[in-house]
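Engineer: My structure is stored as protein_17.txt, with compact mmCIF, C-alpha atoms and all ligand atoms.
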# COMPACT_ATOMS: atom_id res chain seq x y z
CA MET C 1 82.93 329.76 29.11
CA THR C 2 83.76 332.13 31.98
CA GLY C 3 86.64 333.84 30.17
CA GLN C 4 84.60 334.70 27.09
CA ASN C 5 81.72 335.99 29.23
CA LEU C 6 84.11 338.19 31.18
CA TYR C 7 85.66 339.45 27.95
CA ARG C 8 82.24 340.41 26.60
CA LYS C 9 81.72 342.46 29.78
CA ALA C 10 85.28 343.87 29.60
CA ARG C 11 84.54 345.31 26.17
CA THR C 12 81.76 347.41 27.68
CA ARG C 13 84.06 348.71 30.44
CA ILE C 14 87.47 348.85 28.75
CA PRO C 15 87.77 350.32 25.25
CA GLY C 16 89.17 347.49 23.13
CA GLY C 17 88.67 345.02 26.00
CA THR C 18 92.35 344.75 26.95
CA GLN C 19 95.36 347.04 27.38
CA LEU C 20 97.44 345.37 24.66
CA LEU C 21 96.38 344.63 21.10
CA SER C 22 98.36 341.38 21.16
CA LYS C 23 96.27 340.07 24.08
CA ARG C 24 92.91 340.53 22.42
CA PRO C 25 91.22 337.13 22.15
CA GLU C 26 90.16 337.98 18.58
CA MET C 27 93.82 337.88 17.59
CA PHE C 28 93.88 334.18 18.47
CA LEU C 29 90.49 332.52 18.45
CA PRO C 30 87.43 334.78 18.49
CA GLU C 31 84.69 333.62 20.87
CA GLN C 32 86.69 330.61 22.06
CA TRP C 33 90.03 331.81 23.45
CA PRO C 34 90.17 331.36 27.25
CA SER C 35 91.08 335.09 27.48
CA TYR C 36 91.86 335.25 31.22
CA TYR C 37 94.11 333.24 33.53
CA SER C 38 93.83 332.46 37.21
CA LYS C 39 97.34 331.05 37.71
CA ALA C 40 100.52 330.78 35.65
CA ARG C 41 103.62 328.80 36.59
CA GLY C 42 106.57 327.64 34.48
CA ALA C 43 105.12 326.82 31.05
CA GLU C 44 101.61 326.17 32.34
CA LEU C 45 98.60 328.31 32.99
CA TRP C 46 95.04 327.82 34.15
CA ASP C 47 91.99 329.66 32.85
CA LEU C 48 89.04 330.89 34.93
CA ASP C 49 87.28 327.53 34.56
CA GLY C 50 90.31 325.67 35.96
CA ASN C 51 91.39 324.26 32.58
CA ARG C 52 95.16 323.77 32.38
CA TYR C 53 97.14 324.62 29.24
CA ILE C 54 100.77 324.41 28.20
CA ASP C 55 101.62 327.83 26.82
CA MET C 56 103.54 327.36 23.57
CA SER C 57 102.52 330.76 22.20
CA HIS C 58 103.76 334.21 23.22
CA SER C 59 104.87 333.39 26.78
CA GLY C 60 103.56 336.61 28.31
CA ILE C 61 104.11 338.51 25.01
CA GLY C 62 107.81 337.85 25.26
CA ALA C 63 108.19 339.08 28.83
CA CYS C 64 108.67 335.80 30.68
CA VAL C 65 111.86 334.42 29.24
CA LEU C 66 112.49 332.35 32.38
CA GLY C 67 108.93 331.05 32.50
CA TYR C 68 105.96 332.18 34.56
CA ALA C 69 106.39 332.89 38.29
CA ASP C 70 110.10 332.09 38.20
CA PRO C 71 111.01 331.01 41.75
CA ASP C 72 114.33 332.92 41.89
CA VAL C 73 112.91 336.19 40.57
CA ASP C 74 109.81 335.85 42.74
CA ALA C 75 111.89 335.19 45.88
CA ALA C 76 113.84 338.41 45.28
CA VAL C 77 110.59 340.31 44.65
CA HIS C 78 108.97 338.91 47.81
CA ALA C 79 111.98 340.12 49.82
CA ALA C 80 111.67 343.58 48.24
CA ILE C 81 107.96 343.66 49.13
CA ASP C 82 108.67 342.58 52.68
CA GLY C 83 111.27 345.35 52.96
CA GLY C 84 108.87 347.96 51.53
CA SER C 85 108.56 348.42 47.79
CA MET C 86 108.18 352.22 47.90
CA ALA C 87 109.54 354.92 50.19
CA THR C 88 110.54 358.58 50.25
CA LEU C 89 114.17 357.58 49.73
CA ASN C 90 115.46 355.80 46.64
CA CYS C 91 116.14 352.07 46.41
CA ARG C 92 119.74 350.96 46.02
CA GLU C 93 118.76 348.31 43.46
CA GLU C 94 118.54 350.97 40.75
CA VAL C 95 122.22 351.77 41.19
CA ASP C 96 123.19 348.09 41.32
CA LEU C 97 121.21 347.45 38.14
CA ALA C 98 122.85 350.41 36.38
CA ASP C 99 126.26 348.94 37.24
CA LEU C 100 125.26 345.51 35.97
CA LEU C 101 123.84 346.87 32.68
CA CYS C 102 126.97 348.95 32.04
CA GLU C 103 129.16 345.93 32.84
CA LEU C 104 127.23 343.87 30.28
CA HIS C 105 127.36 346.73 27.74
CA PRO C 106 130.76 348.35 28.26
CA TRP C 107 130.08 351.09 25.67
CA ALA C 108 127.34 352.47 27.97
CA GLU C 109 128.06 354.70 30.95
CA MET C 110 124.71 355.95 32.23
CA VAL C 111 121.23 354.55 32.74
CA ARG C 112 117.70 355.87 33.22
CA TYR C 113 114.63 353.79 34.00
CA ALA C 114 110.98 353.56 33.07
CA ARG C 115 108.52 350.69 33.46
CA CYS C 116 107.29 349.87 29.92
CA GLY C 117 108.91 349.50 26.52
CA GLY C 118 106.97 352.19 24.69
CA GLU C 119 107.50 354.83 27.37
CA ALA C 120 111.19 353.94 27.58
CA MET C 121 111.43 354.47 23.81
CA ALA C 122 109.74 357.85 24.26
CA VAL C 123 112.38 358.70 26.89
CA ALA C 124 115.15 357.65 24.48
CA VAL C 125 113.74 359.85 21.71
CA ARG C 126 113.36 362.78 24.13
CA ILE C 127 117.00 362.40 25.18
CA ALA C 128 118.10 362.19 21.53
CA ARG C 129 116.15 365.33 20.67
CA ALA C 130 117.46 367.16 23.74
CA SER C 131 121.01 366.11 23.00
CA THR C 132 120.99 367.18 19.33
CA GLY C 133 118.55 370.09 19.48
CA ARG C 134 116.84 368.53 16.43
CA GLU C 135 113.36 367.11 15.90
CA LYS C 136 113.18 364.50 13.13
CA VAL C 137 113.49 360.77 13.76
CA ALA C 138 114.28 358.08 11.18
CA PHE C 139 112.89 354.74 12.29
CA CYS C 140 112.37 351.16 11.24
CA GLY C 141 110.00 348.67 12.91
CA TYR C 142 107.59 348.96 15.86
CA HIS C 143 108.35 351.07 18.91
CA GLY C 144 105.12 351.58 20.87
CA TRP C 145 102.10 353.86 20.91
CA HIS C 146 103.55 357.30 21.65
CA ASP C 147 103.12 360.50 19.62
CA TRP C 148 106.69 360.64 18.31
CA TYR C 149 106.12 357.28 16.60
CA LEU C 150 102.50 357.43 15.43
CA ALA C 151 103.34 360.80 13.90
CA ALA C 152 104.65 358.77 10.95
CA ASN C 153 101.03 358.14 9.93
CA LEU C 154 100.05 361.81 9.92
CA GLY C 155 99.28 363.12 6.51
CA SER C 156 99.57 359.78 4.79
CA LEU C 157 97.76 356.73 6.05
CA SER C 158 100.16 354.55 4.13
CA ALA C 159 103.38 355.83 5.71
CA LEU C 160 103.44 353.03 8.27
CA GLU C 161 102.58 350.40 5.67
CA GLY C 162 104.80 347.53 6.67
CA HIS C 163 105.94 349.23 9.84
CA LEU C 164 103.00 348.97 12.22
CA LEU C 165 99.33 348.44 11.55
CA PRO C 166 98.72 349.34 7.95
CA GLY C 167 96.21 352.18 7.82
CA LEU C 168 96.43 352.86 11.55
CA ASP C 169 94.63 356.09 12.29
CA PRO C 170 96.78 358.43 14.38
CA ALA C 171 93.74 360.22 15.86
CA GLY C 172 94.81 362.32 18.82
CA VAL C 173 98.37 362.80 17.62
CA PRO C 174 99.04 366.52 17.01
CA ARG C 175 99.06 367.29 13.30
CA SER C 176 102.00 369.58 13.89
CA LEU C 177 104.15 366.44 14.25
CA ALA C 178 103.58 365.51 10.59
CA GLY C 179 106.88 364.91 8.83
CA THR C 180 108.86 364.31 12.03
CA ALA C 181 108.94 360.48 11.93
CA LEU C 182 110.50 359.07 8.77
CA PRO C 183 110.25 355.31 8.13
CA PHE C 184 112.81 353.07 6.44
CA HIS C 185 112.96 349.30 5.97
CA TYR C 186 115.29 346.85 7.65
CA ASN C 187 118.27 345.72 5.56
CA ARG C 188 117.73 348.57 3.08
CA PRO C 189 120.52 351.04 3.88
CA GLY C 190 119.75 352.98 0.69
CA GLU C 191 116.42 354.12 2.16
CA LEU C 192 118.13 355.44 5.30
CA GLU C 193 120.84 357.03 3.20
CA SER C 194 118.23 358.95 1.25
CA ILE C 195 116.59 360.15 4.51
CA VAL C 196 120.01 361.29 5.75
CA ARG C 197 120.68 363.05 2.44
CA THR C 198 117.40 364.97 2.62
CA HIS C 199 116.93 365.48 6.36
CA GLY C 200 120.44 364.94 7.84
CA PRO C 201 120.84 368.33 9.55
CA ASP C 202 117.38 367.95 11.19
CA LEU C 203 117.79 364.33 12.24
CA SER C 204 117.91 363.80 16.02
CA ALA C 205 117.84 360.00 16.03
CA ILE C 206 117.89 356.80 14.03
CA VAL C 207 115.71 354.28 15.88
CA MET C 208 115.56 350.57 15.10
CA GLU C 209 115.73 347.05 16.44
CA PRO C 210 119.17 345.57 15.79
CA ILE C 211 117.44 342.35 14.78
CA ARG C 212 113.92 340.98 14.64
CA SER C 213 112.82 338.44 12.06
CA HIS C 214 115.93 338.36 9.92
CA GLU C 215 119.63 338.49 10.59
CA PRO C 216 121.12 341.79 9.44
CA ASP C 217 122.76 341.59 6.01
CA PRO C 218 126.54 341.80 6.27
CA GLY C 219 127.48 345.44 6.75
CA PHE C 220 123.89 346.69 7.29
CA LEU C 221 124.22 347.64 10.96
CA GLU C 222 127.67 349.08 10.30
CA SER C 223 126.25 351.28 7.54
CA VAL C 224 123.46 352.46 9.88
CA ARG C 225 126.14 353.37 12.44
CA GLU C 226 128.08 355.23 9.79
CA LEU C 227 124.99 357.12 8.57
CA ALA C 228 124.13 358.13 12.15
CA ASP C 229 127.66 359.48 12.57
CA ARG C 230 127.50 361.27 9.23
CA ALA C 231 124.21 362.95 10.18
CA GLY C 232 125.27 363.62 13.77
CA ALA C 233 122.14 361.71 14.92
CA VAL C 234 121.82 359.53 18.01
CA LEU C 235 121.64 355.83 17.14
CA VAL C 236 119.00 354.17 19.35
CA PHE C 237 118.74 350.39 19.35
CA ASP C 238 115.33 349.24 20.55
CA GLU C 239 116.12 346.02 22.42
CA VAL C 240 112.69 345.76 24.05
CA THR C 241 111.98 342.42 22.39
CA ALA C 242 115.30 341.36 20.85
CA ALA C 243 117.41 341.35 24.03
CA TRP C 244 117.86 338.42 26.40
CA ARG C 245 117.08 335.85 23.66
CA MET C 246 120.29 334.88 21.85
CA ASN C 247 122.67 336.16 24.58
CA THR C 248 122.66 337.81 28.00
CA GLY C 249 122.08 341.49 27.20
CA GLY C 250 121.31 343.38 24.03
CA ALA C 251 121.26 341.50 20.72
CA HIS C 252 123.58 344.19 19.32
CA LEU C 253 126.44 342.71 21.37
CA ARG C 254 126.47 339.79 18.92
CA TYR C 255 127.05 342.11 15.97
CA ARG C 256 129.64 344.32 17.64
CA VAL C 257 127.91 347.52 16.50
CA LYS C 258 127.61 350.03 19.32
CA PRO C 259 124.59 352.33 19.49
CA ASP C 260 124.53 355.58 21.47
CA ILE C 261 121.43 354.44 23.39
CA ALA C 262 119.87 351.00 23.88
CA VAL C 263 116.46 350.39 25.41
CA PHE C 264 115.36 347.31 27.36
CA ALA C 265 111.99 346.22 28.78
CA LYS C 266 109.91 343.02 28.68
CA ALA C 267 112.26 340.09 29.42
CA ILE C 268 114.69 342.22 31.47
CA SER C 269 112.56 341.56 34.56
CA ASN C 270 110.63 338.39 33.68
CA GLY C 271 107.10 339.67 34.10
CA TYR C 272 107.51 342.60 36.48
CA PRO C 273 107.23 346.10 34.97
CA MET C 274 110.72 347.44 34.25
CA ALA C 275 112.52 349.24 31.45
CA ALA C 276 116.02 350.66 31.13
CA ILE C 277 117.49 353.27 28.80
CA ILE C 278 121.27 352.90 28.72
CA GLY C 279 123.66 355.10 26.82
CA ARG C 280 126.89 356.96 26.32
CA GLY C 281 127.45 359.43 29.15
CA ASP C 282 127.52 362.58 27.00
CA VAL C 283 124.24 361.69 25.27
CA MET C 284 122.45 360.53 28.45
CA GLN C 285 123.41 363.73 30.29
CA ALA C 286 121.02 365.56 27.94
CA ALA C 287 118.20 364.05 30.02
CA GLN C 288 119.12 366.82 32.45
CA ASP C 289 118.40 369.50 29.85
CA SER C 290 114.82 368.26 29.63
CA PHE C 291 112.31 367.06 32.23
CA ILE C 292 111.97 363.26 32.46
CA SER C 293 110.59 362.15 35.81
CA SER C 294 107.92 359.85 37.23
CA THR C 295 106.97 358.57 40.70
CA TYR C 296 106.67 354.86 39.97
CA TRP C 297 109.93 354.81 38.04
CA THR C 298 111.46 354.82 41.54
CA GLU C 299 109.73 351.78 43.02
CA ARG C 300 111.78 348.80 44.06
CA ILE C 301 110.17 345.74 42.49
CA GLY C 302 111.22 346.45 38.89
CA PRO C 303 114.96 346.81 39.47
CA THR C 304 114.94 343.96 42.00
CA ALA C 305 113.27 341.65 39.49
CA ALA C 306 115.65 342.76 36.73
CA LEU C 307 118.73 342.08 38.87
CA ALA C 308 117.46 338.60 39.76
CA ALA C 309 116.38 337.80 36.19
CA ILE C 310 119.68 338.93 34.62
CA ARG C 311 121.77 337.07 37.19
CA LYS C 312 119.79 333.87 36.58
CA HIS C 313 120.07 334.43 32.82
CA GLN C 314 123.86 334.50 33.18
CA ARG C 315 124.12 331.71 35.76
CA CYS C 316 121.95 329.23 33.85
CA ASN C 317 123.09 330.18 30.34
CA VAL C 318 119.42 330.75 29.53
CA SER C 319 119.98 332.02 25.99
CA GLN C 320 121.61 328.75 24.93
CA ARG C 321 118.48 326.88 26.01
CA LEU C 322 116.19 329.40 24.29
CA VAL C 323 118.04 328.95 21.00
CA GLU C 324 117.97 325.16 21.40
CA ALA C 325 114.23 325.09 22.18
CA GLY C 326 113.36 327.49 19.35
CA THR C 327 115.47 325.53 16.87
CA LYS C 328 113.69 322.30 17.83
CA ILE C 329 110.33 323.95 17.28
CA GLN C 330 111.31 325.48 13.93
CA THR C 331 112.71 322.13 12.73
CA GLY C 332 109.63 320.33 14.03
CA TRP C 333 107.25 322.70 12.21
CA ARG C 334 109.16 322.27 8.94
CA GLU C 335 109.22 318.46 9.21
CA ALA C 336 105.57 318.14 10.23
CA ALA C 337 104.40 320.49 7.47
CA SER C 338 106.43 318.69 4.86
CA ARG C 339 105.05 315.29 5.96
CA ALA C 340 101.53 316.72 5.75
CA ALA C 341 102.30 318.44 2.42
CA LEU C 342 101.15 321.71 3.98
CA PRO C 343 102.96 324.76 2.57
CA ILE C 344 104.43 326.87 5.37
CA SER C 345 107.33 329.26 5.72
CA VAL C 346 109.28 329.44 8.97
CA SER C 347 111.00 332.63 10.09
CA GLY C 348 112.42 334.47 13.08
CA ILE C 349 115.41 333.98 15.31
CA PRO C 350 114.90 330.63 17.08
CA PRO C 351 113.78 332.10 20.45
CA LEU C 352 111.13 334.21 18.62
CA ALA C 353 109.99 331.69 16.02
CA HIS C 354 107.13 332.17 13.55
CA PHE C 355 105.51 330.26 10.75
CA ALA C 356 103.03 331.30 8.09
CA PHE C 357 100.70 329.19 5.99
CA GLU C 358 101.63 329.87 2.39
CA ALA C 359 98.22 329.12 0.93
CA PRO C 360 94.95 330.88 0.14
CA GLY C 361 92.86 331.15 3.32
CA ALA C 362 95.97 331.33 5.51
CA GLN C 363 94.16 333.20 8.29
CA ALA C 364 91.43 330.54 8.50
CA LEU C 365 94.09 327.81 8.63
CA LYS C 366 95.88 329.66 11.42
CA THR C 367 92.61 329.99 13.35
CA LEU C 368 91.83 326.29 12.94
CA PHE C 369 95.38 325.43 14.08
CA THR C 370 94.82 327.44 17.28
CA GLN C 371 91.38 325.90 17.81
CA ARG C 372 92.58 322.30 17.45
CA MET C 373 95.73 322.89 19.57
CA LEU C 374 93.59 324.45 22.31
CA GLU C 375 91.42 321.34 22.29
CA SER C 376 94.65 319.34 22.84
CA GLY C 377 95.60 321.51 25.84
CA PHE C 378 98.02 323.98 24.23
CA LEU C 379 97.89 327.75 23.89
CA ALA C 380 99.28 327.94 20.37
CA THR C 381 99.37 330.31 17.43
CA ASN C 382 101.71 330.71 14.49
CA ALA C 383 104.50 331.85 16.82
CA TYR C 384 106.56 330.27 19.59
CA TYR C 385 108.43 332.41 22.12
CA ALA C 386 110.91 330.17 23.90
CA THR C 387 111.26 330.16 27.67
CA PHE C 388 113.63 328.44 30.08
CA ALA C 389 110.61 326.63 31.54
CA HIS C 390 109.85 324.76 28.32
CA THR C 391 111.16 321.23 28.79
CA ASP C 392 111.93 318.72 26.05
CA GLN C 393 108.74 316.96 27.13
CA HIS C 394 106.67 320.11 26.50
CA ILE C 395 108.35 320.56 23.12
CA GLY C 396 107.89 316.91 22.13
CA ASP C 397 104.23 316.83 23.19
CA TYR C 398 103.55 320.10 21.39
CA LEU C 399 105.22 318.98 18.16
CA ALA C 400 103.36 315.66 18.22
CA ALA C 401 100.04 317.52 18.57
CA ALA C 402 101.05 320.09 15.93
CA ALA C 403 101.94 317.29 13.48
CA ASP C 404 98.48 315.74 13.93
CA VAL C 405 96.81 319.12 13.45
CA PHE C 406 98.87 319.87 10.32
CA HIS C 407 97.56 316.60 8.85
CA GLU C 408 93.99 317.60 9.72
CA LEU C 409 94.52 321.01 8.14
CA ALA C 410 95.91 319.46 4.97
CA LYS C 411 92.89 317.17 4.74
CA ALA C 412 90.49 320.07 5.44
CA ARG C 413 92.14 322.07 2.64
CA GLU C 414 91.67 319.20 0.23
CA THR C 415 88.00 318.88 1.08
CA GLY C 416 87.44 322.65 1.29
CA SER C 417 86.15 322.33 4.86
CA VAL C 418 88.58 324.60 6.77
CA GLU C 419 86.00 327.29 7.56
CA LYS C 420 83.27 324.73 8.27
CA LEU C 421 85.44 323.20 11.00
CA LEU C 422 85.84 326.54 12.77
CA LYS C 423 83.60 326.96 15.81
CA GLY C 424 83.78 330.75 15.65
CA PRO C 425 84.94 333.62 13.42
CA ILE C 426 88.36 333.75 11.77
CA ALA C 427 91.05 335.41 13.90
CA HIS C 428 91.77 339.06 13.22
CA ALA C 429 95.01 339.72 11.43
CA GLY C 430 97.44 341.72 13.60
CA PHE C 431 100.28 343.76 13.77
CA TYR C 432 103.22 342.92 11.61
CA ARG C 433 106.64 344.36 11.33
CA LEU C 434 109.06 344.45 8.49
CA THR C 435 112.20 344.13 10.57
C1 LIG E 501 110.57 346.45 19.56
C2 LIG E 501 109.52 346.93 20.50
N1 LIG E 501 109.57 348.19 20.97
C3 LIG E 501 108.65 348.66 21.82
C4 LIG E 501 107.61 347.87 22.25
C5 LIG E 501 106.60 348.44 23.19
O1 LIG E 501 106.82 347.90 24.46
P1 LIG E 501 105.63 347.91 25.54
O2 LIG E 501 104.55 347.05 24.99
O3 LIG E 501 106.27 347.36 26.80
O4 LIG E 501 105.22 349.34 25.72
C6 LIG E 501 107.52 346.55 21.80
C7 LIG E 501 106.41 345.69 22.22
O5 LIG E 501 106.08 344.70 21.60
C8 LIG E 501 108.50 346.06 20.90
O6 LIG E 501 108.46 344.81 20.43
Please re-express this file's structure in C-alpha cells.

Structural biologist:
Amino acid sequence: MTGQNLYRKARTRIPGGTQLLSKRPEMFLPEQWPSYYSKARGAELWDLDGNRYIDMSHSGIGACVLGYADPDVDAAVHAAIDGGSMATLNCREEVDLADLLCELHPWAEMVRYARCGGEAMAVAVRIARASTGREKVAFCGYHGWHDWYLAANLGSLSALEGHLLPGLDPAGVPRSLAGTALPFHYNRPGELESIVRTHGPDLSAIVMEPIRSHEPDPGFLESVRELADRAGAVLVFDEVTAAWRMNTGGAHLRYRVKPDIAVFAKAISNGYPMAAIIGRGDVMQAAQDSFISSTYWTERIGPTAALAAIRKHQRCNVSQRLVEAGTKIQTGWREAASRAALPISVSGIPPLAHFAFEAPGAQALKTLFTQRMLESGFLATNAYYATFAHTDQHIGDYLAAAADVFHELAKARETGSVEKLLKGPIAHAGFYRLT
C-alpha cells in the first residue's frame, strides 16, 4: 500500500508524521488508512494507488464546506494567481473581504487577517491583552497549539482534562505562563462566574466557541456576555469550526449574542489558507499598541478564496443543505443502529455530526467500522462533516453501507470477534472537547 509505505517514511522525516494530529492515520485505521491523496474533487478523493473513495468523514477537517476543488472558488483563485498572488503593494481583496465580513456581522467594525485558526486565535488573545492591559484568559474548548492556550496545562497535567488532550504535556511552554489560562466548561456559567469572582480584575479575555456539540442552554451565552462586561474582559468567540455550518457567517448570529471579537478560519475559504479576526473598532485598534505583522498574511489567494466561498455560501443557501445532509445522516445512524440493536449515541449540530458506540470495546468497534466502510469505498469514521458536494446519492449509498456494517458489528460483538476481525491495531483515541 503506497500510502502506508510513504507514511512510514514520513515518520522518520516529520516528527509525528503529519502537521495535524487529526490527520494521523492512526487516528482512523492504523496500518491500513490510505493516508495520502493524489486528487480530491467534490465528495470524492483518490489515494496514491488510484483507489477512489467517497469522503463521508471530516471533509478536509471541516475546511471544505463546499466540497473539494470547488469550481467557483478555484476559478477565482486561478484568476488571482494569473494576476500575481504576491506583490510589494497590498491586494484589494483584503479590504473587500473586511467589508463583507462587517456587513454579515454588523456589530463588527474592523478586521485583521492571519492564515490559520490557531494563529488567528493567538492574534485575538494578543489584541485582548493589549486592549485591557491584563494577562489572564478564561477559556472553554479547543483553540489551537499556541503558548497562551497550552499554558493551562502548566503546573497541573489535569487542568485541560476535558478541554484538549487529557494529560497533554506542555513541554516548551514557558513556566512563567502558569496560571494565566483558566478553563471552564460549556453550559456551566457558575464555573466562569467563580473565575470572574477570583480573577476578574486580571482577566483580559473570555474565549470560547459559541456552539460545538451542544446547543447553548437558554441564557448561557447571555450570562457569558454579562460576566465579560462585569469583568471588563474582551469576549472572543472562536468561530474557526462553528461558522459557515448552520448559517452564512458566525454561529453566534443565530443566538443574537454579540462578542467583542470573533475569529474565522477553515471553511471561510474552502481549503485555501485564510483566517479573519473581526471585532469592535475600539478593541481592534489595540492591535496598533502591539506588534502583529506577517508577510504571508498579505498574499492574495486567501482573501480571494474567502470572498468567492462566502458569496457562493450566500447565493446557494449552502447552510440549509448542510443541515439537511447532516440531519439525514444522524437519522440514518440512529435507525440503522436501532435495527442492528447496536447501542450508539448521536451528537453534534447536524453539519458536524458524531456518533459514539455505547458499549465496552467502543474504540475497537469504531476501528472495525472504519475498516469495513473503507473496504466499501468510503472514508468514514464516527463523524460526518457535511459538505455542499454530498448528494442524496452519496448519503443514501453511505447509509446503506453503514447499516450493513452496523449489523456486522452487532454480530461480531455477540460472538466476541470484533478484535479478531481487525486487520491492524485499534485506532488511537483522539482529541475531544467538552463544548
Ligand atoms: C474551535 C477551534 N479553534 C481553533 C482551531 C485551530 O485551527 P487551526 O487548526 O486552523 O490552527 C480549531 C481546529 O480544529 C478549532 O476547531

Engineer: What separation in Å, quoted to one decimal, exists between CA of Phe369 in chain C and CA of Gln4 in chain C?

Structural biologist: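 Taking CA of Phe369 in chain C as the start and CA of Gln4 in chain C as the end point, the length is 19.3 Å.
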
Engineer: Hey, which residues come within 9 Å of ligand LIG 501 (chain E) if we count all atoms listed in the file? Could you give them as a PyMOL selection string?

Structural biologist: chain C and resi 20+22+61-63+115-121+141-145+208-209+212+238-242+263-266+273-275

Engineer: Which residues are near range 322-333 of chain C? Cut-off 7 Å, only C-alpha atoms, ignore same chain within fewer than 4 positions. Put them as a list in words.

Structural biologist: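 Those residues are Arg245, Met246, Val318, Ala337, Val346, Pro350, Pro351, Ala353, Ala386, Thr387, Phe388 and Leu399 of chain C.
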
Engineer: Can you work out which one of C:Ser204, C:Asp147, C:Ala309, C:Asp99 has the shortest atom-to-atom distance to Ala75 in chain C, counting all atoms listed in the file?

Structural biologist: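 Smallest distance to Ala75 in chain C is found for C:Ala309.
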
Engineer: So, with all atoms listed in the file as the atoms that count, which of C:Leu379, C:Leu150, C:Leu235, C:Met1 lies closest to Ser223 in chain C?

Structural biologist: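 Of C:Leu379, C:Leu150, C:Leu235, C:Met1, the one nearest Ser223 in chain C, counting all atoms listed in the file, is C:Leu235.
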
Engineer: Which of these, C:Val125, C:Leu177, C:Leu6, C:Leu368, has the shortest distance to Ile426 in chain C once you count only C-alpha atoms?

Structural biologist: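 Of C:Val125, C:Leu177, C:Leu6, C:Leu368, the one nearest Ile426 in chain C, counting only C-alpha atoms, is C:Leu368.
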
Engineer: Please identify all polymer residues within 12 Å of Pro210 in chain C, counting all atoms listed in the file, omitting same-chain residues fewer than 6 positions from it, and present them as a ChimeraX atom specification.

Structural biologist: /C:139-141,186-187,216-217,220-222,224-225,235-243,250-259,261-263,435

Engineer: Using all atoms listed in the file, can you tell me which of C:Pro218, C:Arg300, C:Leu365, C:Glu335 comes closest to Leu89 in chain C?

Structural biologist: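 Closest residue, counting all atoms listed in the file: C:Arg300.
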
Engineer: Could you tell me which of C:Ile14, C:Leu21, C:Met56, C:Ala114 comes closest to Thr381 in chain C if we count all atoms listed in the file?

Structural biologist: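 Closest to Thr381 in chain C of all the choices is C:Met56.
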
Engineer: CA of Gly279 in chain C to CA of Ser194 in chain C: how many Å, to one decimal?

Structural biologist: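 Calculated distance between CA of Gly279 in chain C and CA of Ser194 in chain C is 26.4 Å.
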
Engineer: Have a look at CA of Gly133 in chain C and CA of Val234 in chain C and let me know their distance in Å, one decimal.

Structural biologist: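 So the two atoms, CA of Gly133 in chain C and CA of Val234 in chain C, lie 11.2 Å apart.
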
Engineer: Can you work out which one of C:Gln285, C:Trp148, C:Leu66, C:Phe28 has the shortest atom-to-atom distance to Lys366 in chain C, counting only C-alpha atoms?

Structural biologist: C:Phe28

Engineer: For Leu409 in chain C, please output as a ChimeraX atom specification all residues within 8 Å (counting all atoms listed in the file; exclusion window: fewer than 2 positions along the same chain).

Structural biologist: /C:342,365,368-369,405-407,411-413,418

Engineer: Keeping only C-alpha atoms, write those residues as a compact mmCIF listing (two decimals), in the coordinates of the input.

Structural biologist:
# COMPACT_ATOMS: atom_id res chain seq x y z
CA LEU C 342 101.15 321.71 3.98
CA LEU C 365 94.09 327.81 8.63
CA LEU C 368 91.83 326.29 12.94
CA PHE C 369 95.38 325.43 14.08
CA VAL C 405 96.81 319.12 13.45
CA PHE C 406 98.87 319.87 10.32
CA HIS C 407 97.56 316.60 8.85
CA LYS C 411 92.89 317.17 4.74
CA ALA C 412 90.49 320.07 5.44
CA ARG C 413 92.14 322.07 2.64
CA VAL C 418 88.58 324.60 6.77

Engineer: Using all atoms of range 97-102 of chain C that appear in the file, construct an axis-aligned enclosing box with 4 Å of padding on every side and provide its centre coordinates and edge lengths in Å, rounded to one decimal, as lines of an AutoDock Vina configuration file.

Structural biologist:
center_x = 124.1
center_y = 348.0
center_z = 35.1
size_x = 13.8
size_y = 12.9
size_z = 14.1

Engineer: Quick one: residues within 8 Å of (97.6, 323.6, 19.4) (file frame), counting only C-alpha atoms, please, as a PyMOL selection string.

Structural biologist: chain C and resi 369-381+398+401-402+405

Engineer: Is there a way to complete range 306-315 of chain C with N, CA and C atoms and then write that out as a compact mmCIF listing (two decimals), keeping the file's coordinate frame?

Structural biologist:
# COMPACT_ATOMS: atom_id res chain seq x y z
N ALA C 306 114.68 342.74 37.84
CA ALA C 306 115.65 342.76 36.73
C ALA C 306 116.99 342.19 37.19
N LEU C 307 117.45 342.61 38.36
CA LEU C 307 118.73 342.08 38.87
C LEU C 307 118.67 340.56 38.99
N ALA C 308 117.58 340.05 39.56
CA ALA C 308 117.46 338.60 39.76
C ALA C 308 117.34 337.88 38.42
N ALA C 309 116.58 338.46 37.50
CA ALA C 309 116.38 337.80 36.19
C ALA C 309 117.68 337.78 35.39
N ILE C 310 118.42 338.88 35.41
CA ILE C 310 119.68 338.93 34.62
C ILE C 310 120.70 337.98 35.23
N ARG C 311 120.79 337.97 36.55
CA ARG C 311 121.77 337.07 37.19
C ARG C 311 121.44 335.62 36.88
N LYS C 312 120.16 335.25 36.91
CA LYS C 312 119.79 333.87 36.58
C LYS C 312 120.08 333.59 35.10
N HIS C 313 119.81 334.57 34.26
CA HIS C 313 120.07 334.43 32.82
C HIS C 313 121.54 334.07 32.60
N GLN C 314 122.43 334.77 33.32
CA GLN C 314 123.86 334.50 33.18
C GLN C 314 124.22 333.14 33.77
N ARG C 315 123.76 332.91 35.00
CA ARG C 315 124.12 331.71 35.76
C ARG C 315 123.70 330.45 35.03
